[in-house]
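Q: Supplied structure: target_32.cif, mmCIF, N, CA and C atoms.
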data_upload
loop_
_atom_site.label_atom_id
_atom_site.label_comp_id
_atom_site.auth_asym_id
_atom_site.auth_seq_id
_atom_site.Cartn_x
_atom_site.Cartn_y
_atom_site.Cartn_z
N LEU X 1 175.62 72.27 121.65
CA LEU X 1 175.12 73.62 121.89
C LEU X 1 176.25 74.60 122.16
N ASN X 2 177.26 74.14 122.84
CA ASN X 2 178.36 75.04 123.19
C ASN X 2 179.26 75.37 122.01
N LEU X 3 179.11 74.65 120.91
CA LEU X 3 179.93 74.91 119.73
C LEU X 3 179.31 75.95 118.81
N GLY X 4 178.11 76.40 119.14
CA GLY X 4 177.45 77.42 118.32
C GLY X 4 176.72 76.85 117.12
N ARG X 5 176.61 75.54 117.02
CA ARG X 5 175.92 74.93 115.89
C ARG X 5 174.48 74.60 116.30
N HIS X 6 173.72 75.65 116.52
CA HIS X 6 172.39 75.52 117.11
C HIS X 6 171.40 74.80 116.20
N GLN X 7 171.45 75.08 114.91
CA GLN X 7 170.51 74.41 114.00
C GLN X 7 170.77 72.90 113.95
N GLU X 8 172.03 72.52 113.98
CA GLU X 8 172.36 71.09 114.02
C GLU X 8 171.86 70.46 115.32
N ALA X 9 172.03 71.18 116.40
CA ALA X 9 171.56 70.68 117.69
C ALA X 9 170.04 70.50 117.68
N ILE X 10 169.34 71.47 117.11
CA ILE X 10 167.87 71.38 117.03
C ILE X 10 167.47 70.15 116.23
N ALA X 11 168.12 69.92 115.11
CA ALA X 11 167.80 68.76 114.27
C ALA X 11 168.10 67.46 115.02
N ASP X 12 169.24 67.40 115.68
CA ASP X 12 169.61 66.19 116.42
C ASP X 12 168.65 65.93 117.58
N LEU X 13 168.27 66.99 118.27
CA LEU X 13 167.34 66.82 119.39
C LEU X 13 165.95 66.43 118.91
N SER X 14 165.56 66.91 117.74
CA SER X 14 164.27 66.49 117.17
C SER X 14 164.28 65.01 116.85
N LYS X 15 165.39 64.51 116.32
CA LYS X 15 165.52 63.07 116.07
C LYS X 15 165.48 62.29 117.38
N ALA X 16 166.19 62.78 118.37
CA ALA X 16 166.22 62.11 119.67
C ALA X 16 164.82 62.08 120.29
N LEU X 17 164.09 63.14 120.10
CA LEU X 17 162.74 63.21 120.64
C LEU X 17 161.85 62.12 120.06
N ARG X 18 161.96 61.92 118.76
CA ARG X 18 161.15 60.89 118.10
C ARG X 18 161.54 59.48 118.54
N ALA X 19 162.79 59.28 118.89
CA ALA X 19 163.29 57.95 119.23
C ALA X 19 163.27 57.66 120.73
N SER X 20 162.97 58.63 121.54
CA SER X 20 163.11 58.46 122.98
C SER X 20 161.83 57.96 123.63
N PRO X 21 161.97 57.31 124.78
CA PRO X 21 160.79 56.93 125.55
C PRO X 21 160.14 58.17 126.16
N GLU X 22 158.89 58.07 126.48
CA GLU X 22 158.13 59.21 127.01
C GLU X 22 158.81 59.85 128.21
N GLY X 23 159.39 59.05 129.09
CA GLY X 23 160.00 59.58 130.30
C GLY X 23 161.19 60.50 130.07
N ALA X 24 161.79 60.43 128.90
CA ALA X 24 162.96 61.27 128.59
C ALA X 24 162.59 62.52 127.80
N ARG X 25 161.37 62.63 127.36
CA ARG X 25 161.01 63.70 126.43
C ARG X 25 161.00 65.09 127.03
N ALA X 26 160.66 65.24 128.29
CA ALA X 26 160.67 66.58 128.88
C ALA X 26 162.08 67.17 128.85
N ALA X 27 163.07 66.37 129.19
CA ALA X 27 164.46 66.86 129.19
C ALA X 27 164.92 67.19 127.77
N ILE X 28 164.55 66.36 126.81
CA ILE X 28 164.96 66.62 125.42
C ILE X 28 164.27 67.88 124.89
N LEU X 29 162.98 68.05 125.19
CA LEU X 29 162.28 69.27 124.77
C LEU X 29 162.91 70.50 125.41
N ASN X 30 163.28 70.39 126.68
CA ASN X 30 163.95 71.52 127.33
C ASN X 30 165.26 71.85 126.63
N ASP X 31 166.06 70.83 126.33
CA ASP X 31 167.33 71.06 125.64
C ASP X 31 167.12 71.68 124.26
N ARG X 32 166.09 71.20 123.54
CA ARG X 32 165.81 71.78 122.23
C ARG X 32 165.35 73.23 122.38
N GLY X 33 164.63 73.52 123.44
CA GLY X 33 164.25 74.90 123.72
C GLY X 33 165.46 75.79 123.93
N VAL X 34 166.44 75.28 124.65
CA VAL X 34 167.68 76.03 124.86
C VAL X 34 168.36 76.30 123.52
N ALA X 35 168.42 75.27 122.68
CA ALA X 35 169.04 75.45 121.36
C ALA X 35 168.27 76.48 120.53
N ARG X 36 166.96 76.42 120.58
CA ARG X 36 166.16 77.40 119.82
C ARG X 36 166.35 78.80 120.36
N SER X 37 166.46 78.92 121.66
CA SER X 37 166.70 80.23 122.26
C SER X 37 168.04 80.79 121.80
N LYS X 38 169.07 79.96 121.83
CA LYS X 38 170.39 80.40 121.40
C LYS X 38 170.44 80.70 119.91
N ALA X 39 169.54 80.06 119.14
CA ALA X 39 169.47 80.30 117.70
C ALA X 39 168.63 81.53 117.37
N GLY X 40 168.09 82.19 118.39
CA GLY X 40 167.32 83.40 118.15
C GLY X 40 165.85 83.15 117.86
N ASP X 41 165.31 82.03 118.32
CA ASP X 41 163.91 81.68 118.11
C ASP X 41 163.20 81.58 119.46
N PRO X 42 162.89 82.71 120.09
CA PRO X 42 162.28 82.65 121.42
C PRO X 42 160.90 82.00 121.41
N ASP X 43 160.13 82.20 120.36
CA ASP X 43 158.80 81.59 120.31
C ASP X 43 158.90 80.07 120.23
N GLY X 44 159.83 79.57 119.43
CA GLY X 44 160.05 78.13 119.36
C GLY X 44 160.55 77.57 120.68
N ALA X 45 161.42 78.33 121.34
CA ALA X 45 161.93 77.92 122.64
C ALA X 45 160.80 77.82 123.66
N ILE X 46 159.95 78.84 123.69
CA ILE X 46 158.83 78.84 124.64
C ILE X 46 157.90 77.67 124.36
N ALA X 47 157.67 77.38 123.08
CA ALA X 47 156.82 76.24 122.73
C ALA X 47 157.42 74.93 123.23
N ASP X 48 158.74 74.77 123.09
CA ASP X 48 159.38 73.55 123.58
C ASP X 48 159.35 73.46 125.10
N TYR X 49 159.61 74.56 125.78
CA TYR X 49 159.55 74.55 127.24
C TYR X 49 158.13 74.21 127.71
N SER X 50 157.14 74.78 127.04
CA SER X 50 155.75 74.50 127.41
C SER X 50 155.41 73.04 127.17
N ALA X 51 155.89 72.48 126.06
CA ALA X 51 155.65 71.06 125.77
C ALA X 51 156.33 70.18 126.82
N ALA X 52 157.50 70.57 127.26
CA ALA X 52 158.19 69.82 128.32
C ALA X 52 157.35 69.84 129.60
N LEU X 53 156.79 70.99 129.90
CA LEU X 53 155.98 71.12 131.12
C LEU X 53 154.65 70.39 131.01
N GLU X 54 154.14 70.21 129.81
CA GLU X 54 152.94 69.39 129.64
C GLU X 54 153.24 67.94 130.02
N ARG X 55 154.44 67.50 129.71
CA ARG X 55 154.84 66.13 130.02
C ARG X 55 155.23 65.96 131.48
N ASP X 56 155.84 66.99 132.04
CA ASP X 56 156.28 66.94 133.44
C ASP X 56 156.12 68.34 134.04
N PRO X 57 154.97 68.60 134.65
CA PRO X 57 154.69 69.94 135.18
C PRO X 57 155.68 70.44 136.23
N ASP X 58 156.43 69.54 136.83
CA ASP X 58 157.39 69.93 137.87
C ASP X 58 158.83 69.94 137.37
N PHE X 59 159.03 69.95 136.06
CA PHE X 59 160.38 69.94 135.50
C PHE X 59 160.98 71.34 135.63
N HIS X 60 161.70 71.50 136.71
CA HIS X 60 162.23 72.80 137.13
C HIS X 60 163.01 73.54 136.03
N PRO X 61 163.93 72.88 135.31
CA PRO X 61 164.68 73.61 134.28
C PRO X 61 163.78 74.24 133.22
N ALA X 62 162.71 73.55 132.83
CA ALA X 62 161.83 74.10 131.80
C ALA X 62 161.06 75.30 132.31
N ILE X 63 160.66 75.26 133.58
CA ILE X 63 159.96 76.41 134.15
C ILE X 63 160.88 77.63 134.17
N LEU X 64 162.11 77.43 134.64
CA LEU X 64 163.06 78.55 134.69
C LEU X 64 163.41 79.06 133.30
N ASN X 65 163.65 78.14 132.37
CA ASN X 65 164.01 78.55 131.01
C ASN X 65 162.86 79.27 130.31
N ARG X 66 161.63 78.77 130.50
CA ARG X 66 160.50 79.45 129.88
C ARG X 66 160.33 80.84 130.48
N GLY X 67 160.49 80.96 131.78
CA GLY X 67 160.39 82.27 132.41
C GLY X 67 161.41 83.25 131.85
N ALA X 68 162.63 82.78 131.66
CA ALA X 68 163.67 83.64 131.09
C ALA X 68 163.33 84.04 129.65
N ALA X 69 162.83 83.08 128.87
CA ALA X 69 162.46 83.37 127.48
C ALA X 69 161.29 84.35 127.42
N LEU X 70 160.34 84.19 128.32
CA LEU X 70 159.21 85.12 128.36
C LEU X 70 159.69 86.52 128.73
N PHE X 71 160.62 86.59 129.66
CA PHE X 71 161.19 87.89 130.03
C PHE X 71 161.89 88.52 128.83
N ASP X 72 162.61 87.69 128.06
CA ASP X 72 163.34 88.18 126.88
C ASP X 72 162.41 88.79 125.83
N ILE X 73 161.18 88.24 125.73
CA ILE X 73 160.25 88.82 124.75
C ILE X 73 159.32 89.85 125.41
N GLU X 74 159.71 90.26 126.61
CA GLU X 74 159.05 91.33 127.35
C GLU X 74 157.63 90.98 127.80
N ASP X 75 157.42 89.72 128.13
CA ASP X 75 156.16 89.30 128.74
C ASP X 75 156.43 89.11 130.23
N ALA X 76 156.60 90.23 130.91
CA ALA X 76 157.02 90.20 132.31
C ALA X 76 156.02 89.51 133.21
N GLU X 77 154.74 89.66 132.94
CA GLU X 77 153.72 89.03 133.79
C GLU X 77 153.82 87.50 133.73
N ALA X 78 153.92 86.95 132.53
CA ALA X 78 154.05 85.50 132.40
C ALA X 78 155.39 85.02 132.96
N ALA X 79 156.44 85.80 132.76
CA ALA X 79 157.75 85.44 133.31
C ALA X 79 157.69 85.37 134.84
N LEU X 80 157.01 86.32 135.44
CA LEU X 80 156.86 86.34 136.90
C LEU X 80 156.07 85.12 137.37
N GLU X 81 155.04 84.74 136.64
CA GLU X 81 154.26 83.55 137.00
C GLU X 81 155.15 82.31 137.01
N ASP X 82 156.02 82.18 136.00
CA ASP X 82 156.92 81.03 135.97
C ASP X 82 157.93 81.09 137.11
N ALA X 83 158.44 82.27 137.41
CA ALA X 83 159.39 82.40 138.52
C ALA X 83 158.73 82.00 139.84
N GLU X 84 157.49 82.42 140.02
CA GLU X 84 156.78 82.06 141.25
C GLU X 84 156.51 80.56 141.30
N ALA X 85 156.17 79.97 140.15
CA ALA X 85 155.94 78.52 140.10
C ALA X 85 157.22 77.77 140.43
N ALA X 86 158.35 78.25 139.94
CA ALA X 86 159.63 77.60 140.22
C ALA X 86 159.95 77.66 141.71
N LEU X 87 159.61 78.76 142.35
CA LEU X 87 159.88 78.89 143.79
C LEU X 87 159.01 77.95 144.61
N ARG X 88 157.82 77.62 144.11
CA ARG X 88 156.93 76.72 144.84
C ARG X 88 157.39 75.27 144.77
N LEU X 89 158.26 74.93 143.83
CA LEU X 89 158.71 73.54 143.69
C LEU X 89 159.71 73.16 144.75
#
Take the structure from the file and write it as structure tokens.

A:
Amino acid sequence: LNLGRHQEAIADLSKALRASPEGARAAILNDRGVARSKAGDPDGAIADYSAALERDPDFHPAILNRGAALFDIEDAEAALEDAEAALRL
């Protein structure tokens, strides 16, 4: 991700997601969301963060990242809900 090769990272994380045990999938989905966000795909990022939270509702990084992505697309109300949820954890 730090090399700027976001599409490659997305592809690699998608492969890892298919090969990983269920317990690792929330973290991989969160990482793929970060890659999608950096690649300029906020909707894809939000979908990945949401999928991570379906697997682990208390996965703090995904809540924070989704809130930031929602703020970026100017959905301030949903972003605030995620920020408040993160504070409750």

Q: Apply the PyMOL selection byres (((chain X and resi 64 and name CA) around 9) and name CA) to the displayed file and report the matching residues as a list in words.

A: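 For this structure, the PyMOL selection byres (((chain X and resi 64 and name CA) around 9) and name CA) captures His60, Pro61, Ala62, Ile63, Asn65, Arg66, Gly67, Ala68, Ala69, Ala79, Asp82, Ala83, Ala85 and Ala86 of chain X.
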
Q: Using all atoms listed in the file, determine which residues lie at most 7 Å from stretch 11-20 of chain X, disregarding the query and same-chain residues fewer than 4 positions distant; provide the list as number ranges by chain.

A: X: 6-7, 24-25, 28-29, 31-32

Q: Which distance in Å separates atom CA of X:Lys38 and atom CA of X:Glu8, to one decimal?

A: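 Interatomic distance here is 12.0 Å.
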
Q: DSSP on the backbone: what in chain X comes out helix (DSSP H, G or I), as a VMD selection string?

A: chain X and resid 6 to 19 22 to 38 42 to 55 60 to 72 76 to 88

Q: Name every residue that the PyMOL selection byres ((chain X and resi 45-52) around 7) selects in this structure, writing the answer as a ChimeraX atom specification with chains first and numbers rising.

A: /X:25-27,29-30,32-37,41-44,53-57,59,62-63,65-66,69-70
